[in-house]
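Peer 1: Just passing along the structure, written as structure tokens.
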Amino acid sequence: MSGSGAATPALADSVRFAGDAVEILDRRVYPFERRWVRCETSEDVAVAIERMVTQSSGPLYATTAGMVLAAREARREPPGAAAERLRAAGTRLIATRPTNNHIRDAVRAILNDTVDGPLAEASGEELAGAVEQAAAGHDAAYRARSAALGRHAAGLLHDGARVLTHCWADAYLIATVEAAREAGKRLEFVCTETRPYLQGARLTAATLVEMGYRPTLITDGMVAAALADGLADVALVAADRVTLDGHVVNKVGTLGVALAAREFGVPFYVLVQAPDPLAPSAGDVEIEHRDGDEVLSVLGARTAAEGVTGYYPAFDTTPPRLVTRIVTERGVYRPEHVKEAV
């Protein structure tokens with residue numbers, strides 16, 4: 001069913017300041033609960049990211065907020081010590097989720113605007129305000145780039161398109177839906193549930209409902225059957241990282257979607273603001289492997305028999321030959337040409 005509502009999704013603003021602390025909307029329990037996790041230090045933010053309180057582009061906003069907290073923590077430090085404390089906080093945040101480069105890029109942008117740039121000799125007090133300004137600027141720029149990406153993505157979708165999503169494309173999906181709506185295009189959505197945290201069932205589907213749609217939910221193992229049955233005519237996913245040669249690193253299961261899309265002649269589109277200039281090819285991307293015990297339960301309830309061992313690569317890599325187009329903030333590219341978007 002197509003959407004006509006104009007509500008701003010709750011997940012569009014899932015990190016907020018609350019006095020001297022940062023609050024992060026807990027995506028592990030959303031939409032059944034709207035619980036905010038309070039973080040009083042940059043270390044608290046790092047732990048929240050590691051524990052999957054926030055995912056997709058959420059860690060970007062959490063990271064910029066965590067850097068603000070780190071700068072505040074260094075307020076009484078002399079210039080050199082304040083800078084080192086901020087850099088250490090950045091290193092800790094980057095280590096939380098190594099595959100997605102949102103965190104790395106946010107930390108580097110803030111450091112480049114402050115202690116690794118014009119404020120190398122700033123006092124702790126001066127840094128606090130400067131980091132807050134740099135963080136706000138990075139957040140705003142990310143939203144603007146996402147909006148541009150969304151307009152390009154909407155241009156690929158025909159009126160009435162039935163779109164298969166995988167996992168949670170966050171700001172990219174919201175921007176694409178808004179741009180399609182502005183263009184007068186009616187869309188339908190099929191969402192994979194996305195084990196083991198069910199981001200597709202809870203985050204993607206809930207957000208689309210908020211935006212006026214009635215998406216269809218399938219389990220991860222139903223993608224091929226759904227495409228064989230003609231349930232969707234476009235596959236649209238985000239990417240945690242795209243390499244300069246067009247490899248797509250995204251939530252595990254993305255490779256399976258791409259293979260099924262090729263088999264049934266369905267275009268496979270990937271959304272990313274830009275390829276990573278530091279990743280020439282797939283071998284340059286660290287794939288995060290999470291604790292295998294996480295796949296033995298769903299939403300706190302164990303689903304596997306005792307004695308079972310879990311295996312959980314959080315991401316997989318889709319080769320360029322399976323990708324129809326990569327959509328960036330600068331436009332739409334064949335995977336072999338995506339390096340032009342840097």
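Just so we're on the same page: first chain in the structure tokens is A, next is B, and so on; residues restart at 1 for each chain, and ligands are numbered from 1 in the order they show up.
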Just want the 10 Å neighbourhood of region 65-76 of chain A, counted on only C-alpha atoms, with same-chain residues fewer than 3 positions away dropped. Output as number ranges by chain.
Peer 2: A: 15-17, 20-24, 39-46, 59-62, 79, 81-90, 93, 106-107, 110-111, 123-136, 139
Peer 1: Identify all residues of region 50-162 of chain A in alpha helix (DSSP H) (DSSP on the backbone) and supply them as an NGL selection string.
Peer 2: :A and (50 or 58-73 or 79-94 or 102-113 or 124-154)
Peer 1: Go through A:His152, A:Leu236, A:Val338, A:Tyr197 one by one, measure the shortest atom-to-atom distance of each to Val295 (chain A) using only C-alpha atoms, and give the residue with the smallest value.
Peer 2: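 Smallest separation from Val295 (chain A) among the options: A:Tyr197.
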Peer 1: Would you please give, as a list in words, all residues of region 136-254 of chain A that DSSP assigns to strand (DSSP E) based on the backbone?
Peer 2: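 Assigned to strand (DSSP E), within region 136-254 of chain A: Ala161, Arg162, Val163, Leu164, Thr165, Leu187, Glu188, Phe189, Val190, Cys191, Thr192, Thr216, Leu217, Ile218, Val234, Ala235, Leu236, Val237, Ala238, Arg241, Val242, Val248, Val249, Asn250 and Lys251 of chain A.
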Peer 1: Those selected residues, please, written with N, CA and C atoms and delivered as a PDB file, in the first residue's frame.
Peer 2:
ATOM      1  N   ALA A 161       6.306   1.154  -7.786  1.00  0.00           N
ATOM      2  CA  ALA A 161       7.365   0.169  -7.555  1.00  0.00           C
ATOM      3  C   ALA A 161       7.134  -0.587  -6.251  1.00  0.00           C
ATOM      4  N   ARG A 162       7.417  -1.887  -6.302  1.00  0.00           N
ATOM      5  CA  ARG A 162       7.347  -2.731  -5.112  1.00  0.00           C
ATOM      6  C   ARG A 162       8.788  -3.006  -4.677  1.00  0.00           C
ATOM      7  N   VAL A 163       9.165  -2.455  -3.557  1.00  0.00           N
ATOM      8  CA  VAL A 163      10.574  -2.369  -3.147  1.00  0.00           C
ATOM      9  C   VAL A 163      10.864  -3.358  -2.021  1.00  0.00           C
ATOM     10  N   LEU A 164      11.857  -4.219  -2.263  1.00  0.00           N
ATOM     11  CA  LEU A 164      12.323  -5.131  -1.227  1.00  0.00           C
ATOM     12  C   LEU A 164      13.482  -4.488  -0.483  1.00  0.00           C
ATOM     13  N   THR A 165      13.397  -4.417   0.842  1.00  0.00           N
ATOM     14  CA  THR A 165      14.492  -3.869   1.651  1.00  0.00           C
ATOM     15  C   THR A 165      15.117  -4.982   2.486  1.00  0.00           C
ATOM     16  N   LEU A 187       4.616   3.876  -3.755  1.00  0.00           N
ATOM     17  CA  LEU A 187       5.539   2.759  -3.545  1.00  0.00           C
ATOM     18  C   LEU A 187       4.902   1.722  -2.628  1.00  0.00           C
ATOM     19  N   GLU A 188       5.363   0.496  -2.753  1.00  0.00           N
ATOM     20  CA  GLU A 188       5.013  -0.569  -1.817  1.00  0.00           C
ATOM     21  C   GLU A 188       6.323  -1.178  -1.314  1.00  0.00           C
ATOM     22  N   PHE A 189       6.286  -1.751  -0.123  1.00  0.00           N
ATOM     23  CA  PHE A 189       7.519  -2.254   0.484  1.00  0.00           C
ATOM     24  C   PHE A 189       7.359  -3.672   1.010  1.00  0.00           C
ATOM     25  N   VAL A 190       8.412  -4.446   0.804  1.00  0.00           N
ATOM     26  CA  VAL A 190       8.555  -5.773   1.392  1.00  0.00           C
ATOM     27  C   VAL A 190       9.842  -5.738   2.207  1.00  0.00           C
ATOM     28  N   CYS A 191       9.762  -6.068   3.495  1.00  0.00           N
ATOM     29  CA  CYS A 191      10.912  -5.947   4.404  1.00  0.00           C
ATOM     30  C   CYS A 191      11.327  -7.313   4.931  1.00  0.00           C
ATOM     31  N   THR A 192      12.621  -7.597   4.856  1.00  0.00           N
ATOM     32  CA  THR A 192      13.127  -8.792   5.539  1.00  0.00           C
ATOM     33  C   THR A 192      13.167  -8.517   7.041  1.00  0.00           C
ATOM     34  N   THR A 216       4.929  -5.223   3.808  1.00  0.00           N
ATOM     35  CA  THR A 216       4.813  -6.670   3.981  1.00  0.00           C
ATOM     36  C   THR A 216       6.109  -7.179   4.583  1.00  0.00           C
ATOM     37  N   LEU A 217       6.013  -8.022   5.604  1.00  0.00           N
ATOM     38  CA  LEU A 217       7.198  -8.550   6.275  1.00  0.00           C
ATOM     39  C   LEU A 217       7.443  -9.995   5.848  1.00  0.00           C
ATOM     40  N   ILE A 218       8.697 -10.325   5.550  1.00  0.00           N
ATOM     41  CA  ILE A 218       9.089 -11.704   5.264  1.00  0.00           C
ATOM     42  C   ILE A 218      10.292 -12.059   6.126  1.00  0.00           C
ATOM     43  N   VAL A 234      11.985  -4.489  -7.268  1.00  0.00           N
ATOM     44  CA  VAL A 234      13.232  -3.759  -7.039  1.00  0.00           C
ATOM     45  C   VAL A 234      13.769  -4.174  -5.676  1.00  0.00           C
ATOM     46  N   ALA A 235      15.081  -4.403  -5.582  1.00  0.00           N
ATOM     47  CA  ALA A 235      15.726  -4.609  -4.285  1.00  0.00           C
ATOM     48  C   ALA A 235      16.545  -3.362  -3.968  1.00  0.00           C
ATOM     49  N   LEU A 236      16.346  -2.821  -2.775  1.00  0.00           N
ATOM     50  CA  LEU A 236      16.997  -1.562  -2.383  1.00  0.00           C
ATOM     51  C   LEU A 236      17.583  -1.732  -0.998  1.00  0.00           C
ATOM     52  N   VAL A 237      18.912  -1.654  -0.884  1.00  0.00           N
ATOM     53  CA  VAL A 237      19.572  -1.812   0.419  1.00  0.00           C
ATOM     54  C   VAL A 237      20.534  -0.654   0.631  1.00  0.00           C
ATOM     55  N   ALA A 238      20.895  -0.443   1.874  1.00  0.00           N
ATOM     56  CA  ALA A 238      21.957   0.510   2.192  1.00  0.00           C
ATOM     57  C   ALA A 238      23.277  -0.245   2.194  1.00  0.00           C
ATOM     58  N   ARG A 241      29.569   0.029   3.960  1.00  0.00           N
ATOM     59  CA  ARG A 241      30.790   0.463   3.288  1.00  0.00           C
ATOM     60  C   ARG A 241      30.728   0.012   1.830  1.00  0.00           C
ATOM     61  N   VAL A 242      31.183   0.861   0.931  1.00  0.00           N
ATOM     62  CA  VAL A 242      31.377   0.492  -0.469  1.00  0.00           C
ATOM     63  C   VAL A 242      32.825   0.790  -0.813  1.00  0.00           C
ATOM     64  N   VAL A 248      30.259  -4.205  -2.049  1.00  0.00           N
ATOM     65  CA  VAL A 248      29.271  -3.663  -1.116  1.00  0.00           C
ATOM     66  C   VAL A 248      29.308  -4.459   0.181  1.00  0.00           C
ATOM     67  N   VAL A 249      29.628  -3.796   1.271  1.00  0.00           N
ATOM     68  CA  VAL A 249      29.647  -4.423   2.591  1.00  0.00           C
ATOM     69  C   VAL A 249      28.431  -3.928   3.355  1.00  0.00           C
ATOM     70  N   ASN A 250      27.581  -4.856   3.747  1.00  0.00           N
ATOM     71  CA  ASN A 250      26.336  -4.477   4.430  1.00  0.00           C
ATOM     72  C   ASN A 250      25.914  -5.610   5.356  1.00  0.00           C
ATOM     73  N   LYS A 251      24.837  -5.400   6.058  1.00  0.00           N
ATOM     74  CA  LYS A 251      24.316  -6.381   7.006  1.00  0.00           C
ATOM     75  C   LYS A 251      24.304  -7.772   6.393  1.00  0.00           C
TER      76      LYS A 251
END
Peer 1: Using only C-alpha atoms, which of A:Val332, A:Ala228, A:Ala304, A:Ala180 sits nearest Gly160 (chain A)?
Peer 2: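 Once distances to Gly160 (chain A) are computed over only C-alpha atoms, the minimum belongs to A:Ala180.
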Peer 1: Residues at most 12 Å from Glu33 (chain A), counting only C-alpha atoms, excluding those fewer than 6 positions away in the same chain, as a list in words?
Peer 2: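 Returned residues: Ala10, Leu25, Asp26, Arg27 and Arg202 of chain A.
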Peer 1: Can you write out the residues you just picked, keeping all heavy atoms, as a PDB file, in the first residue's frame?
Peer 2:
ATOM      1  N   ALA A  10      10.198   8.592  14.343  1.00  0.00           N
ATOM      2  CA  ALA A  10      10.898   8.765  15.619  1.00  0.00           C
ATOM      3  C   ALA A  10      12.381   8.469  15.487  1.00  0.00           C
ATOM      4  O   ALA A  10      13.214   9.118  16.128  1.00  0.00           O
ATOM      5  CB  ALA A  10      10.262   7.860  16.672  1.00  0.00           C
ATOM      6  N   LEU A  25      18.034   6.612  21.940  1.00  0.00           N
ATOM      7  CA  LEU A  25      16.840   5.784  21.840  1.00  0.00           C
ATOM      8  C   LEU A  25      17.266   4.332  21.640  1.00  0.00           C
ATOM      9  O   LEU A  25      18.029   4.017  20.726  1.00  0.00           O
ATOM     10  CB  LEU A  25      15.974   6.249  20.674  1.00  0.00           C
ATOM     11  CG  LEU A  25      14.621   5.551  20.499  1.00  0.00           C
ATOM     12  CD1 LEU A  25      13.735   5.772  21.714  1.00  0.00           C
ATOM     13  CD2 LEU A  25      13.923   6.045  19.238  1.00  0.00           C
ATOM     14  N   ASP A  26      16.770   3.447  22.485  1.00  0.00           N
ATOM     15  CA  ASP A  26      17.190   2.055  22.490  1.00  0.00           C
ATOM     16  C   ASP A  26      16.494   1.293  21.360  1.00  0.00           C
ATOM     17  O   ASP A  26      15.328   0.916  21.470  1.00  0.00           O
ATOM     18  CB  ASP A  26      16.877   1.418  23.838  1.00  0.00           C
ATOM     19  CG  ASP A  26      17.577   0.076  24.033  1.00  0.00           C
ATOM     20  OD1 ASP A  26      18.006  -0.516  23.019  1.00  0.00           O
ATOM     21  OD2 ASP A  26      17.689  -0.375  25.187  1.00  0.00           O
ATOM     22  N   ARG A  27      17.232   1.069  20.279  1.00  0.00           N
ATOM     23  CA  ARG A  27      16.647   0.391  19.118  1.00  0.00           C
ATOM     24  C   ARG A  27      16.476  -1.101  19.343  1.00  0.00           C
ATOM     25  O   ARG A  27      15.837  -1.782  18.540  1.00  0.00           O
ATOM     26  CB  ARG A  27      17.508   0.647  17.886  1.00  0.00           C
ATOM     27  CG  ARG A  27      17.599   2.123  17.537  1.00  0.00           C
ATOM     28  CD  ARG A  27      18.287   2.363  16.217  1.00  0.00           C
ATOM     29  NE  ARG A  27      18.422   3.802  15.961  1.00  0.00           N
ATOM     30  CZ  ARG A  27      18.740   4.326  14.777  1.00  0.00           C
ATOM     31  NH1 ARG A  27      18.959   3.532  13.748  1.00  0.00           N
ATOM     32  NH2 ARG A  27      18.850   5.625  14.631  1.00  0.00           N
ATOM     33  N   ARG A 202      11.384  -4.511  13.083  1.00  0.00           N
ATOM     34  CA  ARG A 202      11.070  -3.516  14.108  1.00  0.00           C
ATOM     35  C   ARG A 202      11.359  -2.082  13.667  1.00  0.00           C
ATOM     36  O   ARG A 202      10.580  -1.177  13.956  1.00  0.00           O
ATOM     37  CB  ARG A 202      11.854  -3.818  15.392  1.00  0.00           C
ATOM     38  CG  ARG A 202      11.511  -5.148  16.044  1.00  0.00           C
ATOM     39  CD  ARG A 202      12.270  -5.356  17.343  1.00  0.00           C
ATOM     40  NE  ARG A 202      13.711  -5.308  17.136  1.00  0.00           N
ATOM     41  CZ  ARG A 202      14.484  -4.246  17.410  1.00  0.00           C
ATOM     42  NH1 ARG A 202      13.945  -3.143  17.909  1.00  0.00           N
ATOM     43  NH2 ARG A 202      15.780  -4.281  17.193  1.00  0.00           N
TER      44      ARG A 202
END
Peer 1: Considering only C-alpha atoms, state which residue in the set A:Ala109, A:Arg321, A:Arg38, A:Arg92 is at the smallest distance from Gly137 (chain A).
Peer 2: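 Of the candidates, the smallest distance to Gly137 (chain A) is held by A:Ala109.
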Peer 1: Find the residues near Thr254 (chain A): any atom within 9 Å, counting only C-alpha atoms, skip ones fewer than 6 places away on the same chain, and give them as a ChimeraX atom specification.
Peer 2: /A:166-167,237,248,315-318
Peer 1: Go through A:His247, A:Asp240, A:Leu322, A:Glu263 and flag the residue nearest Pro98 (chain A), using only C-alpha atoms for the distances.
Peer 2: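 Once distances to Pro98 (chain A) are computed over only C-alpha atoms, the minimum belongs to A:Asp240.
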Peer 1: Can you work out which one of A:Arg214, A:His158, A:Arg28, A:Arg35 has the shortest atom-to-atom distance to Leu299 (chain A), counting only C-alpha atoms?
Peer 2: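 Once distances to Leu299 (chain A) are computed over only C-alpha atoms, the minimum belongs to A:Arg28.
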Peer 1: Hey, can you check how far CA of Val115 (chain A) sits from CA of Thr64 (chain A)?
Peer 2: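 Distance between the two atoms: 14.9 Å.
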